[in-house]
Every structure is written in C-alpha cells, then in structure tokens.
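Trainee: Structure file work38.cif, mmCIF, C-alpha atoms, is pasted below:
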data_protein
#
loop_
_atom_site.group_PDB
_atom_site.id
_atom_site.type_symbol
_atom_site.label_atom_id
_atom_site.label_comp_id
_atom_site.auth_asym_id
_atom_site.auth_seq_id
_atom_site.Cartn_x
_atom_site.Cartn_y
_atom_site.Cartn_z
ATOM 1 C CA MET Q 1 0.000 0.000 0.000
ATOM 2 C CA ASN Q 2 2.813 2.423 0.850
ATOM 3 C CA ALA Q 3 4.500 1.856 -2.511
ATOM 4 C CA ALA Q 4 1.267 2.616 -4.365
ATOM 5 C CA LEU Q 5 0.789 5.837 -2.446
ATOM 6 C CA SER Q 6 4.419 6.978 -2.491
ATOM 7 C CA PRO Q 7 4.128 9.286 -5.546
ATOM 8 C CA PHE Q 8 1.694 11.385 -3.513
ATOM 9 C CA GLY Q 9 3.640 11.017 -0.237
ATOM 10 C CA GLY Q 10 3.218 14.167 1.838
ATOM 11 C CA ILE Q 11 -0.145 15.134 0.385
ATOM 12 C CA ILE Q 12 -1.801 11.855 1.387
ATOM 13 C CA ALA Q 13 -0.150 11.825 4.823
ATOM 14 C CA THR Q 14 -1.397 15.372 5.464
ATOM 15 C CA LEU Q 15 -4.879 14.555 4.168
ATOM 16 C CA THR Q 16 -5.147 11.506 6.414
ATOM 17 C CA LYS Q 17 -4.254 13.605 9.464
ATOM 18 C CA LYS Q 18 -7.245 15.831 8.659
ATOM 19 C CA TRP Q 19 -9.740 12.979 8.167
ATOM 20 C CA TRP Q 20 -11.952 14.461 10.876
ATOM 21 C CA VAL Q 21 -12.662 17.532 8.687
ATOM 22 C CA PHE Q 22 -14.608 15.260 6.307
ATOM 23 C CA LEU Q 23 -16.416 13.706 9.281
ATOM 24 C CA ILE Q 24 -17.495 17.114 10.611
ATOM 25 C CA GLN Q 25 -18.518 18.229 7.128
ATOM 26 C CA GLY Q 26 -20.672 15.107 6.712
ATOM 27 C CA ILE Q 27 -22.370 15.531 10.080
ATOM 28 C CA VAL Q 28 -23.057 19.226 9.397
ATOM 29 C CA LEU Q 29 -24.517 18.383 5.965
ATOM 30 C CA ILE Q 30 -26.917 15.839 7.464
ATOM 31 C CA LEU Q 31 -27.965 18.230 10.260
ATOM 32 C CA LEU Q 32 -28.585 20.992 7.723
ATOM 33 C CA ALA Q 33 -30.655 18.592 5.592
ATOM 34 C CA ILE Q 34 -32.832 17.710 8.578
ATOM 35 C CA LEU Q 35 -33.313 21.406 9.326
ATOM 36 C CA ALA Q 36 -34.024 22.167 5.661
ATOM 37 C CA PHE Q 37 -36.810 19.575 5.527
ATOM 38 C CA SER Q 38 -38.281 20.500 8.911
ATOM 39 C CA GLN Q 39 -37.985 24.306 8.498
ATOM 40 C CA PRO Q 40 -38.218 25.002 4.735
ATOM 41 C CA ALA Q 41 -38.335 28.782 5.097
ATOM 42 C CA LEU Q 42 -34.860 28.730 6.598
ATOM 43 C CA LEU Q 43 -33.180 26.750 3.808
ATOM 44 C CA ILE Q 44 -31.199 29.667 2.407
ATOM 45 C CA SER Q 45 -29.950 30.573 5.881
ATOM 46 C CA PHE Q 46 -28.829 26.956 6.254
ATOM 47 C CA ILE Q 47 -27.006 27.131 2.940
ATOM 48 C CA GLY Q 48 -25.265 30.311 4.088
ATOM 49 C CA ALA Q 49 -24.362 28.670 7.394
ATOM 50 C CA TYR Q 50 -22.998 25.603 5.616
ATOM 51 C CA ILE Q 51 -20.881 27.677 3.232
ATOM 52 C CA ALA Q 52 -19.543 29.775 6.135
ATOM 53 C CA ILE Q 53 -18.769 26.679 8.245
ATOM 54 C CA ASP Q 54 -17.102 24.968 5.285
ATOM 55 C CA GLY Q 55 -15.053 28.134 4.696
ATOM 56 C CA GLY Q 56 -14.071 28.197 8.360
ATOM 57 C CA LEU Q 57 -12.946 24.563 8.191
ATOM 58 C CA LYS Q 58 -10.890 25.341 5.081
ATOM 59 C CA LEU Q 59 -9.279 28.302 6.877
ATOM 60 C CA PHE Q 60 -8.508 26.119 9.885
ATOM 61 C CA SER Q 61 -6.978 23.516 7.578
ATOM 62 C CA GLY Q 62 -5.008 26.194 5.684
ATOM 63 C CA PHE Q 63 -3.470 27.571 8.871
ATOM 64 C CA GLY Q 64 -2.466 24.062 9.988
ATOM 65 C CA PRO Q 65 0.766 22.302 9.112
ATOM 66 C CA GLN Q 66 1.343 21.911 5.365
ATOM 67 C CA PRO Q 67 3.539 19.362 3.592
ATOM 68 C CA ALA Q 68 6.793 20.554 2.047
ATOM 69 C CA ASN Q 69 6.355 22.254 -1.339
ATOM 70 C CA GLU Q 70 2.600 22.670 -0.750
ATOM 71 C CA SER Q 71 1.070 26.109 -0.546
ATOM 72 C CA ARG Q 72 -1.492 26.987 2.093
ATOM 73 C CA TRP Q 73 -2.923 29.748 -0.121
ATOM 74 C CA PRO Q 74 -5.552 27.691 -1.982
ATOM 75 C CA ALA Q 75 -7.172 26.564 1.290
ATOM 76 C CA LEU Q 76 -6.940 30.079 2.741
ATOM 77 C CA ILE Q 77 -8.450 31.735 -0.355
ATOM 78 C CA ILE Q 78 -11.277 29.188 -0.585
ATOM 79 C CA GLY Q 79 -11.840 29.565 3.164
ATOM 80 C CA VAL Q 80 -12.087 33.370 3.072
ATOM 81 C CA ILE Q 81 -14.437 33.285 0.072
ATOM 82 C CA GLY Q 82 -16.607 30.671 1.815
ATOM 83 C CA VAL Q 83 -16.839 32.657 5.049
ATOM 84 C CA VAL Q 84 -17.671 35.930 3.252
ATOM 85 C CA VAL Q 85 -20.206 34.438 0.806
ATOM 86 C CA GLY Q 86 -21.783 32.318 3.542
ATOM 87 C CA ALA Q 87 -22.178 35.330 5.833
ATOM 88 C CA LEU Q 88 -23.733 37.424 3.032
ATOM 89 C CA ILE Q 89 -26.222 34.665 2.219
ATOM 90 C CA TRP Q 90 -27.057 34.156 5.887
ATOM 91 C CA MET Q 91 -27.681 37.882 6.473
ATOM 92 C CA ASN Q 92 -29.995 38.322 3.451
ATOM 93 C CA PRO Q 93 -31.685 34.967 2.740
ATOM 94 C CA GLY Q 94 -34.815 36.268 0.937
ATOM 95 C CA PHE Q 95 -32.926 38.181 -1.716
ATOM 96 C CA THR Q 96 -30.410 35.363 -2.061
ATOM 97 C CA ALA Q 97 -33.180 32.785 -2.582
ATOM 98 C CA GLN Q 98 -34.597 34.776 -5.466
ATOM 99 C CA ILE Q 99 -31.222 35.408 -7.106
ATOM 100 C CA VAL Q 100 -30.096 31.784 -6.754
ATOM 101 C CA THR Q 101 -33.401 30.511 -8.142
ATOM 102 C CA TYR Q 102 -33.130 32.785 -11.196
ATOM 103 C CA LEU Q 103 -29.479 31.819 -11.737
ATOM 104 C CA ILE Q 104 -30.296 28.112 -11.606
ATOM 105 C CA ALA Q 105 -33.211 28.615 -14.023
ATOM 106 C CA ALA Q 106 -30.938 30.429 -16.482
ATOM 107 C CA TRP Q 107 -28.255 27.776 -16.052
ATOM 108 C CA ALA Q 108 -30.795 24.993 -16.720
ATOM 109 C CA ILE Q 109 -31.885 26.657 -19.958
ATOM 110 C CA VAL Q 110 -28.313 27.158 -21.198
ATOM 111 C CA VAL Q 111 -27.328 23.585 -20.298
ATOM 112 C CA GLY Q 112 -30.504 22.300 -21.938
ATOM 113 C CA ILE Q 113 -29.745 24.101 -25.181
ATOM 114 C CA LEU Q 114 -26.187 22.753 -25.186
ATOM 115 C CA LEU Q 115 -27.330 19.191 -24.468
ATOM 116 C CA ALA Q 116 -29.906 19.315 -27.274
ATOM 117 C CA LEU Q 117 -27.299 20.704 -29.680
ATOM 118 C CA TRP Q 118 -24.776 18.031 -28.694
ATOM 119 C CA GLY Q 119 -27.402 15.341 -29.144
ATOM 120 C CA TRP Q 120 -28.237 16.678 -32.611
ATOM 121 C CA ARG Q 121 -24.555 16.986 -33.513
ATOM 122 C CA PHE Q 122 -23.666 13.449 -32.394
ATOM 123 C CA ARG Q 123 -26.766 11.790 -33.870
ATOM 124 C CA GLU Q 124 -24.674 9.860 -36.396
ATOM 125 C CA ALA Q 125 -21.919 8.928 -33.944
ATOM 126 C CA ILE Q 126 -24.035 7.490 -31.128
ATOM 127 C CA SER Q 127 -27.289 5.546 -31.089
ATOM 128 C CA THR Q 128 -28.675 7.192 -27.963
ATOM 129 C CA GLU Q 129 -28.514 10.800 -29.105
ATOM 130 C CA TRP Q 130 -32.198 11.102 -28.300
ATOM 131 C CA LEU Q 131 -31.313 10.836 -24.584
ATOM 132 C CA LEU Q 132 -29.158 13.963 -24.833
ATOM 133 C CA ILE Q 133 -31.870 15.765 -26.761
ATOM 134 C CA ALA Q 134 -34.585 14.645 -24.306
ATOM 135 C CA LEU Q 135 -32.472 15.691 -21.320
ATOM 136 C CA GLY Q 136 -31.819 19.022 -23.009
ATOM 137 C CA ILE Q 137 -35.520 19.602 -23.592
ATOM 138 C CA LEU Q 138 -36.325 18.640 -19.974
ATOM 139 C CA SER Q 139 -33.666 21.027 -18.731
ATOM 140 C CA ILE Q 140 -35.030 23.867 -20.877
ATOM 141 C CA LEU Q 141 -38.589 23.185 -19.683
ATOM 142 C CA PHE Q 142 -37.424 23.110 -16.056
ATOM 143 C CA GLY Q 143 -35.657 26.444 -16.509
ATOM 144 C CA PHE Q 144 -38.736 28.113 -18.045
ATOM 145 C CA LEU Q 145 -41.014 26.626 -15.372
ATOM 146 C CA VAL Q 146 -38.779 28.026 -12.648
ATOM 147 C CA PHE Q 147 -38.767 31.450 -14.332
ATOM 148 C CA GLY Q 148 -42.574 31.238 -14.544
ATOM 149 C CA ASN Q 149 -43.044 30.367 -10.882
ATOM 150 C CA VAL Q 150 -40.078 31.283 -8.700
ATOM 151 C CA GLN Q 151 -41.730 30.023 -5.495
ATOM 152 C CA ALA Q 152 -42.364 26.529 -6.932
ATOM 153 C CA GLY Q 153 -38.847 26.560 -8.378
ATOM 154 C CA PHE Q 154 -37.436 27.436 -4.987
ATOM 155 C CA LEU Q 155 -39.375 24.609 -3.297
ATOM 156 C CA THR Q 156 -38.133 22.136 -5.916
ATOM 157 C CA LEU Q 157 -34.574 23.329 -5.412
ATOM 158 C CA GLN Q 158 -35.057 23.056 -1.648
ATOM 159 C CA PHE Q 159 -35.967 19.380 -1.997
ATOM 160 C CA ILE Q 160 -33.069 18.680 -4.368
ATOM 161 C CA PHE Q 161 -30.610 20.470 -2.081
ATOM 162 C CA GLY Q 162 -31.935 18.605 0.973
ATOM 163 C CA VAL Q 163 -31.415 15.249 -0.748
ATOM 164 C CA TYR Q 164 -27.953 16.394 -1.885
ATOM 165 C CA MET Q 165 -27.016 17.304 1.695
ATOM 166 C CA ILE Q 166 -28.122 13.902 3.022
ATOM 167 C CA VAL Q 167 -26.295 11.926 0.314
ATOM 168 C CA GLY Q 168 -23.259 14.244 0.460
ATOM 169 C CA GLY Q 169 -23.172 13.975 4.243
ATOM 170 C CA ILE Q 170 -23.241 10.182 4.182
ATOM 171 C CA VAL Q 171 -20.535 10.086 1.496
ATOM 172 C CA ALA Q 172 -18.343 12.536 3.474
ATOM 173 C CA ILE Q 173 -18.693 10.451 6.651
ATOM 174 C CA VAL Q 174 -17.835 7.201 4.846
ATOM 175 C CA LEU Q 175 -14.927 8.947 3.109
ATOM 176 C CA SER Q 176 -13.619 10.290 6.434
ATOM 177 C CA PHE Q 177 -13.278 6.777 7.846
ATOM 178 C CA GLN Q 178 -11.676 5.482 4.643
ATOM 179 C CA ILE Q 179 -9.156 8.347 4.742
ATOM 180 C CA ARG Q 180 -8.480 7.636 8.433
ATOM 181 C CA SER Q 181 -7.930 3.951 7.612
ATOM 182 C CA ILE Q 182 -5.340 4.861 4.990
ATOM 183 C CA GLY Q 183 -3.679 7.144 7.540
ATOM 184 C CA VAL Q 184 -3.492 4.279 10.057
ATOM 185 C CA GLN Q 185 -1.934 2.014 7.381
ATOM 186 C CA LEU Q 186 0.627 4.687 6.559
ATOM 187 C CA GLY Q 187 1.343 5.346 10.218
ATOM 188 C CA ALA Q 188 0.296 9.008 9.827
ATOM 189 C CA VAL Q 189 -2.749 8.604 12.121
ATOM 190 C CA GLY Q 190 -2.659 6.848 15.479
#
How does this structure look as structure tokens?
Mentor:
Amino acid sequence: MNAALSPFGGIIATLTKKWWVFLIQGIVLILLAILAFSQPALLISFIGAYIAIDGGLKLFSGFGPQPANESRWPALIIGVIGVVVGALIWMNPGFTAQIVTYLIAAWAIVVGILLALWGWRFREAISTEWLLIALGILSILFGFLVFGNVQAGFLTLQFIFGVYMIVGGIVAIVLSFQIRSIGVQLGAVG
C-alpha cells in the first residue's frame, strides 16, 4: 500500500491527518438537511451557514501544518471566500433565494440548449442521441417553469438540495473513515 501511495507522499499523509474535517462536514450536511426539511423557510440561511462553516474549516486547515512544497494559499483563499459568501447569504436569505433561483433557471436553460445541440450533432456517432436531446428539452422546460413560478422553483430546489445534503453527508462520513484507515496504514494517524 505504501509503494502505491508513495508518488503522492506528503499530500496523502497530510490529508489523512485531517480525516476528521470530512467527518465534521458530513455531520453538518446531514444536520442541515434535517433542518431544511423540517424548516423550509430557513433553507437559504442553512445554505449560508454551511458555506460559512465549510469556509471556516478550510481556513482552519489552511493555517495548519502543510507538507513541504505545498502552498497553504488555496485553502486560505477558498476559506475566506466561503466565510464571506456564507455570511452574506445568511444575512440576506430572501434576496439570495430569489437570485439563486433565477441563476439556476438560467443555467438549466443554457445547459438544456447545449445538451440538445450536442445530441443533434452526435446523432450519427451514437445511437442514444435522443437521450441527450430529451435531457436538453427537460432542462429547458425546467428552466422556463422556474422562471414562470419562482416560489415553486425554490421549493423544488429546496428538496433537491436537501437530498444532496443527506447523500453528500453520508458520502463525506464514509470517506472520512476510509481516509483515516489509509492514515493508520501509513502510520500518519494513530
């Protein structure tokens, strides 16, 4: 196992020492999902809190020991951005909900157009081009439906985000223990 991981050496050893960051992130995601489903009006505040907490964890990680030849700046920059954006979202959730809903609607329309075009373009190269076209049309319809009814779009996004937080939380928790296990094998974690 050590020989297979040796090209990544210090990076993996450092990552395994911070396995608990993934565990905390997973637990926070699941708690936020429970709150999002039980208190739907507060979803955007929960998103802001999550982003701020994630940013804080990145800052904490960035200020910790770093392997040789590794810069702490990426973690610090991501951490600062997360804390600032999370705080802004948390302080003005109503406005943020509207803006995010409109942005996702616009994104869905653009992605839908691109998927439909790709499906049309690759119709001779693949036999399932209709799936790309169908997905593109669904994406475009979703985007226009959200633009037509922002409240319903927001509630749909709330459900999707809640499911994402539960699945993401479970994955982060499982990943944390796998990372810790690798750290134990390498002797980096006691």
Trainee: To verify the selection step, state as an MDAnalysis selection string which residues the PyMOL selection byres ((chain Q and resi 55) around 7) yields on this input.
Mentor: chainID Q and resid 51:54 56:59 78:83
Trainee: Just give me the gap between atom CA of Leu43 of chain Q and atom CA of Ile173 of chain Q in Å, one decimal is fine.
Mentor: 22.0 Å
Trainee: Closest to Gly153 of chain Q among Q:Ile104, Q:Ala116, Q:Val184, Q:Ala134, using all atoms listed in the file?
Mentor: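 With all atoms listed in the file as the atom set, the closest residue is Q:Ile104.
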Trainee: Grab the atom CA of Gly162 of chain Q to atom CA of Ala75 of chain Q distance for me, in Å with one decimal place.
Mentor: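 Separation between atom CA of Gly162 of chain Q and atom CA of Ala75 of chain Q: 26.0 Å.
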Trainee: Please report the interatomic distance between atom CA of Gln178 of chain Q and atom CA of Met165 of chain Q in Å with one decimal.
Mentor: 19.6 Å
Trainee: Step by step, work through what the PyMOL selection byres ((chain Q and resi 101) around 8) selects in the shown file, and finish by giving those residues as a PyMOL selection string.
Mentor: chain Q and resi 97-100+102-105+146+150+153-154+157
Trainee: Save the residues we just selected, C-alpha atoms, as a PDB file, in the frame of the given file?
Mentor:
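Saved the output as selection04.pdb:
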ATOM      1  CA  ALA Q  97     -33.180  32.785  -2.582  1.00  0.00           C
ATOM      2  CA  GLN Q  98     -34.597  34.776  -5.466  1.00  0.00           C
ATOM      3  CA  ILE Q  99     -31.222  35.408  -7.106  1.00  0.00           C
ATOM      4  CA  VAL Q 100     -30.096  31.784  -6.754  1.00  0.00           C
ATOM      5  CA  TYR Q 102     -33.130  32.785 -11.196  1.00  0.00           C
ATOM      6  CA  LEU Q 103     -29.479  31.819 -11.737  1.00  0.00           C
ATOM      7  CA  ILE Q 104     -30.296  28.112 -11.606  1.00  0.00           C
ATOM      8  CA  ALA Q 105     -33.211  28.615 -14.023  1.00  0.00           C
ATOM      9  CA  VAL Q 146     -38.779  28.026 -12.648  1.00  0.00           C
ATOM     10  CA  VAL Q 150     -40.078  31.283  -8.700  1.00  0.00           C
ATOM     11  CA  GLY Q 153     -38.847  26.560  -8.378  1.00  0.00           C
ATOM     12  CA  PHE Q 154     -37.436  27.436  -4.987  1.00  0.00           C
ATOM     13  CA  LEU Q 157     -34.574  23.329  -5.412  1.00  0.00           C
TER      14      LEU Q 157
END
Trainee: Report as a VMD selection string the residues that result from applying the PyMOL selection byres ((chain Q and resi 88-93) around 9) to the structure here.
Mentor: chain Q and resid 42 to 49 51 to 52 83 to 87 94 to 98
Trainee: Save out the residues we just selected, C-alpha atoms, as a PDB file, in the frame of the given file.
Mentor:
ATOM      1  CA  LEU Q  42     -34.860  28.730   6.598  1.00  0.00           C
ATOM      2  CA  LEU Q  43     -33.180  26.750   3.808  1.00  0.00           C
ATOM      3  CA  ILE Q  44     -31.199  29.667   2.407  1.00  0.00           C
ATOM      4  CA  SER Q  45     -29.950  30.573   5.881  1.00  0.00           C
ATOM      5  CA  PHE Q  46     -28.829  26.956   6.254  1.00  0.00           C
ATOM      6  CA  ILE Q  47     -27.006  27.131   2.940  1.00  0.00           C
ATOM      7  CA  GLY Q  48     -25.265  30.311   4.088  1.00  0.00           C
ATOM      8  CA  ALA Q  49     -24.362  28.670   7.394  1.00  0.00           C
ATOM      9  CA  ILE Q  51     -20.881  27.677   3.232  1.00  0.00           C
ATOM     10  CA  ALA Q  52     -19.543  29.775   6.135  1.00  0.00           C
ATOM     11  CA  VAL Q  83     -16.839  32.657   5.049  1.00  0.00           C
ATOM     12  CA  VAL Q  84     -17.671  35.930   3.252  1.00  0.00           C
ATOM     13  CA  VAL Q  85     -20.206  34.438   0.806  1.00  0.00           C
ATOM     14  CA  GLY Q  86     -21.783  32.318   3.542  1.00  0.00           C
ATOM     15  CA  ALA Q  87     -22.178  35.330   5.833  1.00  0.00           C
ATOM     16  CA  GLY Q  94     -34.815  36.268   0.937  1.00  0.00           C
ATOM     17  CA  PHE Q  95     -32.926  38.181  -1.716  1.00  0.00           C
ATOM     18  CA  THR Q  96     -30.410  35.363  -2.061  1.00  0.00           C
ATOM     19  CA  ALA Q  97     -33.180  32.785  -2.582  1.00  0.00           C
ATOM     20  CA  GLN Q  98     -34.597  34.776  -5.466  1.00  0.00           C
TER      21      GLN Q  98
END
